[in-house]
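J.: A single structure is presented below for examination.
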There are 6 protein chains.
Amino acid sequence: MLEITPDIRRLIDLALTEDQVYNDVTTNLLIPPDAQGVAVFRAKASGVLAGMGLALEVFKHIDSTVQTQALMEDGRAIKAGDLLGRATGRVGVLLRGERTALNFAQRLSGIATETAKYVAAVKGCKAQIVDTRKTAPGYRYLDKYAVRAGGGRNHRMHLADGVLIKDNHIEILRKRGVGLPKLLATALSKAPHTLKVEVEVTSMVEVEEALKAGAHIIMLDNMSLEEMAGAVKAINGRALVEASGGVTLETVRRVAETGVDIISVGAITHSAKALDISLDIEG
Amino acid sequence: MLEITPDIRRLIDLALTEDQVYNDVTTNLLIPPDAQGVAVFRAKASGVLAGMGLALEVFKHIDSTVQTQALMEDGRAIKAGDLLGRATGRVGVLLRGERTALNFAQRLSGIATETAKYVAAVKGCKAQIVDTRKTAPGYRYLDKYAVRAGGGRNHRMHLADGVLIKDNHIEILRKRGVGLPKLLATALSKAPHTLKVEVEVTSMVEVEEALKAGAHIIMLDNMSLEEMAGAVKAINGRALVEASGGVTLETVRRVAETGVDIISVGAITHSAKALDISLDIEG
Amino acid sequence: MLEITPDIRRLIDLALTEDQVYNDVTTNLLIPPDAQGVAVFRAKASGVLAGMGLALEVFKHIDSTVQTQALMEDGRAIKAGDLLGRATGRVGVLLRGERTALNFAQRLSGIATETAKYVAAVKGCKAQIVDTRKTAPGYRYLDKYAVRAGGGRNHRMHLADGVLIKDNHIEILRKRGVGLPKLLATALSKAPHTLKVEVEVTSMVEVEEALKAGAHIIMLDNMSLEEMAGAVKAINGRALVEASGGVTLETVRRVAETGVDIISVGAITHSAKALDISLDIEG
Amino acid sequence: MLEITPDIRRLIDLALTEDQVYNDVTTNLLIPPDAQGVAVFRAKASGVLAGMGLALEVFKHIDSTVQTQALMEDGRAIKAGDLLGRATGRVGVLLRGERTALNFAQRLSGIATETAKYVAAVKGCKAQIVDTRKTAPGYRYLDKYAVRAGGGRNHRMHLADGVLIKDNHIEILRKRGVGLPKLLATALSKAPHTLKVEVEVTSMVEVEEALKAGAHIIMLDNMSLEEMAGAVKAINGRALVEASGGVTLETVRRVAETGVDIISVGAITHSAKALDISLDIEG
Amino acid sequence: MLEITPDIRRLIDLALTEDQVYNDVTTNLLIPPDAQGVAVFRAKASGVLAGMGLALEVFKHIDSTVQTQALMEDGRAIKAGDLLGRATGRVGVLLRGERTALNFAQRLSGIATETAKYVAAVKGCKAQIVDTRKTAPGYRYLDKYAVRAGGGRNHRMHLADGVLIKDNHIEILRKRGVGLPKLLATALSKAPHTLKVEVEVTSMVEVEEALKAGAHIIMLDNMSLEEMAGAVKAINGRALVEASGGVTLETVRRVAETGVDIISVGAITHSAKALDISLDIEG
Amino acid sequence: MLEITPDIRRLIDLALTEDQVYNDVTTNLLIPPDAQGVAVFRAKASGVLAGMGLALEVFKHIDSTVQTQALMEDGRAIKAGDLLGRATGRVGVLLRGERTALNFAQRLSGIATETAKYVAAVKGCKAQIVDTRKTAPGYRYLDKYAVRAGGGRNHRMHLADGVLIKDNHIEILRKRGVGLPKLLATALSKAPHTLKVEVEVTSMVEVEEALKAGAHIIMLDNMSLEEMAGAVKAINGRALVEASGGVTLETVRRVAETGVDIISVGAITHSAKALDISLDIEG
């Protein structure tokens, strides 16, 4: 369930301000201020719905007397023609909020739809599709919500909910004379006690170092399918294994079949196409 | 040139808050707080650059003592391996801001790159590629900037800088007994005197009504190529002609060849893929 | 109709903070916190009402349980003694909000009243009275709303909804070797396609240059009545004509009689006197 | 000295947002983004200067690299032609900020100028001209600063820095069976110990009650000159005496000559005319 | 009565953001999103209640549909086991808000409880216990409210509601050749007319200077009991006397018995222990 | 190192607004606006320093031209008389910021000092002192920073960085027919893969259930010393053991000696006394 957080309200505020909804010259010119109307969201393509509650909230944000109702739940597969949600109130308000509401619903549904394709592609494998932090700045909570709506799971929400030692960390410390084993030892002994430690590796040598140090999760970065399969075998359940880097809808099944536990995919958030949804307004 | 507006600062704030950059447990664990470093943005694919200044600003937003330098200008064609920008300062700050900076640069460069493809496709035609208001909420100014970086032009920035009478307006007023001719007459006589009036039409009958009323711009909505060519001929320079609706990279050239003045494309902002850019941090 | 936008809420917030309404020592000392009361706005002078909804909103902003009702509509002519609006709720809340509510209502009604005088003065002429961007910073939307309430029309809401080439632009470009004709040609070919181009001129030579270039609107800046009449004649309907600069209630009729289409008056927003309104609170 | 407080920054933010300074289509069209320039404020009428530092701050708020310099100090008498302040930087920034900067300077200087007229009118009398809380909401700090620049003094800054028992308080308590003597006794015994207690009176009977109770300040509300003189005589230095209500430039001297200590004038803030100031920009 | 001011809402926002209430992984994992529940605040120690309304507001801030009810009024003496307040709504919301709500209630009740001890200790003396400005930054209004709930009175709310000349002011002016008498004369003649003037003194010589100048309030800073008694005698009602500095629960009675009017105690706000309160949630 | 985050700036803003630093009547009355001065923080008691950088930032927040320098590092043991930090600039600014700066430094140093006592008390034991989420709302980042300065470690920063199943969760699910074993199984299989799962237990039966399910961390809630020792023995390294609830400085050593890994103490943040620090200002 998508909670409308204070930061989402701030984002809606930014959106309504940038669209100058209160200076909508066309609506001001043509529409009687008190005329009432109904707006209905309608799918124009197949996919997975996400963000209907958010889209409806946009209208309430402009005018708290607008009444709204989701007609489909987020996470549901939808097809062209499906009615998704309804807002009732001053028709001028519906016209002003139309574009912002649609932009939210189309983006989130696009992410959910793309995620669902990856999830379907690995069906039957144990591997889980997770997202990354490659979300539109300001949209972390929303984009990750859409991933869940599409059947994916979330990797770290932010920099605070998991220790993840990446290439840049390793390189910086290597230059300072701290190798991977020592670095991992430090991380494991000093990390907040509620967090696991994940480390990005690029070779079997590093896999062994990570295992020996006791890393909880090992991220295989841009490895070939063969390397991944080898790593999974070597790790043999002693740590969770995450595949990362350049995974596409074409390759994801084969990656899953290497036996990794987790596959993180940046494209589901940073490169998903908007799902086509329209708004019919009657007044 | 991208100005860092107060609202962009608010968006950066939201982004840094949602990523919990000040609770970056990995960096806090491993990196000495005063260690200095350099971060360099590097293209990993071909495209058009946009948002480098914004990406660099992210670091300054975290710590105003960071020094930054763009190595390529927005709007330039880039290829894999090109160095795009550099930030120098506390390496912990560079690590904290990495993801947010990249997310901005990849999104904006993705939009610029997609736009450039459409612009190239209509080369030699008089038609101009313009964007729509189908931008990520909160990103209007940024997404439209990226469109310009890609060689496109901007349609309305928001609801205040142009009268645009669309299907929903027309339908609402029709139900109230106001037909297109009367509606246009009202709009033309009462609109703010610095704004033109554009109207969306779906048939030749409406084209004629719009011309007769004196509309400044006529938007042909989802017409076939033949209909568009016919409309252009009928209008014959008496109004600007905009083609809109479902234009793709495959069809855009043929649309341009109908003789329209303007082609608006939603996909360049709502469905562009992120351009791959990485950040190398040395410390 | 005045929409209570997020930015108006911010302005109300600033106002209630600066007035320390929650540390109202007098009310805290003397008034029982739960005592109920009624506040009634009453005109103490003749004029045009504007901002009653905003004034009433102030009380709801302090305490959302306050009930409010406008007794007169904005835009109505009022006279001393007229009852304008009513708020019912905790009397301490009514006392705390009194000054801020009155300050809003008096300012906006003052602007509406002053505007109405100019509108009356040109009655029968085709010229329309419009405002300028000379509003109190933070009050653009409110001051321009009051102008409409007084029967005036709005010029540009801001820098984005019209191209307006003024003396400073012209002078800067002249120094760079760009004369008025070339400057206008550039503006007309590159301006966003939904916007008209207006140019400020000070002589008949410039009027001719502007016409030749195809300017949509010509602003006659501080011209004498004779010059204005001459310009109107020369332009002869080929562009809209706006008179601007130093227009007063004494001169506005004669300006209108020169045949200009639009007369912009800064004084209606920057120098209007507050309209006297009081608040009677019973508890 | 005018401090640029966080709330003033918020007001500047509102102003720059409402004026869409970052979407200034005219400047974007015509002015090279890196062109440098100088802007000089010039008086176009006589009066008292206030707000020059604030006006200059507007440019720095848009772009922190702008250099500014006040050429005259706030509080100084100025005449047409005087150069008041200068800003140097990107000329596009100067053009974008022009209107907001002028609107601030003209409003504040208008208030200072009006105040100075009242101060001059009572020269030689002991009475001091003070303002009221009748300021534009959001402008309390600024408007009261301008009053000081004009030689006036400030009454309460807000509801927290003085107990002021007004007609509405008295009426509400009277209905509840609490007369003026008891009400004053309560206020005097329970008020925060650093605050004086002022009470509004409308008759000699109330003057006597206020004196007897020990009120520190007695506000004579809308009394005739004779009544005021009588009250001053009766009070005879036992409390400060404030005249309030409907004082104009025509009547203020006679009010002062009644011997009151303080004369509060709402018109200096709510009805001052803007002082004419222009900005010459060269680039 | 505690008003929920805009700034308190900002503080609640900061609190909910820092606690990441919308990313509560435990609740998200385990609790059905629509499950309803009831939360009851229960005292686990004896003391004075303060902040129950604020604690309950936290839940409404997360989700406006939560229903709340205070079961005890602020200012009441409570003992372990007492039921203090109740919130009903989605149980996930109750769990998310639990810690923030308790943190507010425990802090404010801790302050009220500590204050009540000081008030009890001086029972029968005329001296009143007042707070200082030594509150947690951001908590001025809340901490001072809690002091009132505990039976204390408030000293200055902030720097605007009383002239208080302290050691640092005196020292700075002494270095500039301005002694206490002259400094006081200036302050008394130029201070806003609604404010009294208080001065901090450290010796009988300064007491005499302050009296002679006409100071309204004299603050005895860190004087011994004997010195205080001597000062009270010398002042003899000609000014209010405030004792300040290092007063503890052990010494406060003896300080009161010196005859001072006011005793200000920093410890009641800056060093009060939290009062133990728990929240029982059933769902 | 304490980073000045955007949210800390918001808290400083709230603090400066509530203290009305720009309406400091005393400073405005007495201190020349351009007078320069130096302020030096001085310890008046022994303890551990924390928040000096934050205290100094307060002055820069009021006026960015103030120069500051920490003279002691946070985390250092200090004694009465030690000089801790210095700010140089307009003396009026130093006076305005004094109280807010001191309030921050005293609170944070108080927390660091209290923490250090607990850390010292368990010296030689393996147990680590950690804080809780019982911080002043809005102060999470600051209070936890102070705990680290005092030698403690941090438990969860917020609800997102660890799964912590507490009494209320267990009770709610028990009522819905979900016992501890099933609840733990769900949490362990569905929790974000970078987070450990901690569970609160109150009996040996629950300890066994937690162990069997595979909980990573077991929190012993309000157990007796004997029970804790027994639990440690039974767990025998198969999970981390945290002691929680009612730990005091008197009991902490004995708790540590039971062999637990972690001892969480709410009192170090919610009930620490302010450390006495003063500010000497010379101008």
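Residue names in the structure tokens use chain letters A, B, ... in the order shown, residue numbers from 1 in each chain, and ligand numbers from 1 in the order shown.
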Please identify all residues of chain C having at least one atom at most 12 Å from any atom of chain F, considering only C-alpha atoms, and return them as a count of residues only.
T.: 7
J.: Find the residues near range 69-85 of chain F: any atom within 8 Å, counting only C-alpha atoms, skip ones fewer than 5 places away on the same chain, and give them as a count of residues only.
T.: 20
J.: I'd like the interatomic distance between CA of Gln128 in chain A and CA of Glu209 in chain A, to a tenth of an Å.
T.: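 Taking CA of Gln128 in chain A as the start and CA of Glu209 in chain A as the end point, the length is 25.0 Å.
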J.: Quick one: residues within 6 Å of range 161-169 of chain A, only C-alpha atoms, excluding same-chain residues fewer than 6 positions away - as a list in words?
T.: Leu195, Val197, Glu198, Val199 and Glu200 of chain A; Thr26 and Ile281 of chain B; Asp161 and Thr194 of chain F
J.: With all heavy atoms retained, write the just-selected residues as a CSV table (one decimal), in the first residue's frame.
T.:
```csv
chain,number,residue,atom,x,y,z
A,195,LEU,N,22.6,-4.9,10.6
A,195,LEU,CA,22.8,-4.9,9.2
A,195,LEU,C,23.8,-6.0,8.7
A,195,LEU,O,24.7,-6.3,9.4
A,195,LEU,CB,23.5,-3.6,8.7
A,195,LEU,CG,22.6,-2.3,9.0
A,195,LEU,CD1,23.4,-1.1,8.5
A,195,LEU,CD2,21.3,-2.4,8.4
A,197,VAL,N,26.5,-7.5,5.7
A,197,VAL,CA,27.5,-6.9,4.9
A,197,VAL,C,27.6,-7.6,3.6
A,197,VAL,O,27.7,-8.8,3.5
A,197,VAL,CB,28.9,-7.0,5.6
A,197,VAL,CG1,30.0,-6.5,4.7
A,197,VAL,CG2,28.9,-6.2,6.9
A,198,GLU,N,27.4,-6.8,2.5
A,198,GLU,CA,27.5,-7.3,1.2
A,198,GLU,C,28.7,-6.7,0.5
A,198,GLU,O,29.1,-5.5,0.7
A,198,GLU,CB,26.2,-6.9,0.4
A,198,GLU,CG,26.2,-7.2,-1.1
A,198,GLU,CD,24.9,-7.1,-1.8
A,198,GLU,OE1,23.9,-6.7,-1.1
A,198,GLU,OE2,24.7,-7.5,-2.9
A,199,VAL,N,29.3,-7.5,-0.4
A,199,VAL,CA,30.5,-7.0,-1.0
A,199,VAL,C,30.5,-7.3,-2.5
A,199,VAL,O,30.0,-8.4,-2.9
A,199,VAL,CB,31.8,-7.5,-0.4
A,199,VAL,CG1,31.9,-9.0,-0.5
A,199,VAL,CG2,33.1,-6.9,-1.0
A,200,GLU,N,30.9,-6.4,-3.3
A,200,GLU,CA,30.9,-6.6,-4.8
A,200,GLU,C,32.3,-7.2,-5.2
A,200,GLU,O,33.3,-6.7,-4.8
A,200,GLU,CB,30.8,-5.2,-5.4
A,200,GLU,CG,30.8,-5.2,-6.9
A,200,GLU,CD,30.5,-3.8,-7.5
A,200,GLU,OE1,29.7,-3.0,-6.9
A,200,GLU,OE2,31.2,-3.4,-8.4
B,26,THR,N,28.1,2.4,4.9
B,26,THR,CA,29.3,1.8,4.3
B,26,THR,C,30.5,2.8,4.4
B,26,THR,O,31.6,2.5,4.8
B,26,THR,CB,29.0,1.4,2.9
B,26,THR,OG1,27.8,0.6,2.9
B,26,THR,CG2,30.1,0.5,2.3
B,281,ILE,N,35.8,7.0,-8.8
B,281,ILE,CA,36.3,7.8,-7.7
B,281,ILE,C,37.6,7.3,-7.2
B,281,ILE,O,37.8,6.2,-7.0
B,281,ILE,CB,35.2,7.7,-6.5
B,281,ILE,CG1,33.8,8.1,-7.0
B,281,ILE,CG2,35.7,8.6,-5.3
B,281,ILE,CD1,32.8,8.0,-5.9
F,161,ASP,N,16.5,0.4,9.2
F,161,ASP,CA,17.8,-0.2,9.1
F,161,ASP,C,17.9,-1.4,10.0
F,161,ASP,O,19.0,-1.6,10.6
F,161,ASP,CB,18.9,0.8,9.3
F,161,ASP,CG,18.8,1.5,10.6
F,161,ASP,OD1,17.8,1.3,11.3
F,161,ASP,OD2,19.8,2.1,11.0
F,194,THR,N,19.5,-7.5,3.0
F,194,THR,CA,20.6,-6.8,3.7
F,194,THR,C,20.4,-6.6,5.2
F,194,THR,O,21.3,-6.1,5.8
F,194,THR,CB,20.9,-5.5,3.0
F,194,THR,OG1,19.8,-4.6,3.1
F,194,THR,CG2,21.3,-5.6,1.6
```
J.: Name the residues in contact with Ala146 in chain F at a cut-off of 12 Å, using only C-alpha atoms, excluding same-chain residues fewer than 5 positions from it; report them as a PyMOL selection string.
T.: chain F and resi 1-2+48-54+74-76+104-116+130-131+135+139-141+151-154+268-269+272
J.: Env of Asp13 in chain A: 10 Å cut, atoms = only C-alpha atoms, seq-sep filter 4 positions within chain, self excluded. Answer as a ChimeraX atom specification.
T.: /A:7-9,17-19,58,61-62 /B:137-138 /C:5-7
J.: As an MDAnalysis selection string, please: every residue in range 209-269 of chain E that DSSP puts in helix (DSSP H, G or I).
T.: chainID E and resid 209:213 225:235 252:256 267:269
J.: Interatomic distance between CA of His155 in chain E and CA of His193 in chain E?
T.: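 Spanning CA of His155 in chain E to CA of His193 in chain E is a straight-line distance of 18.7 Å.
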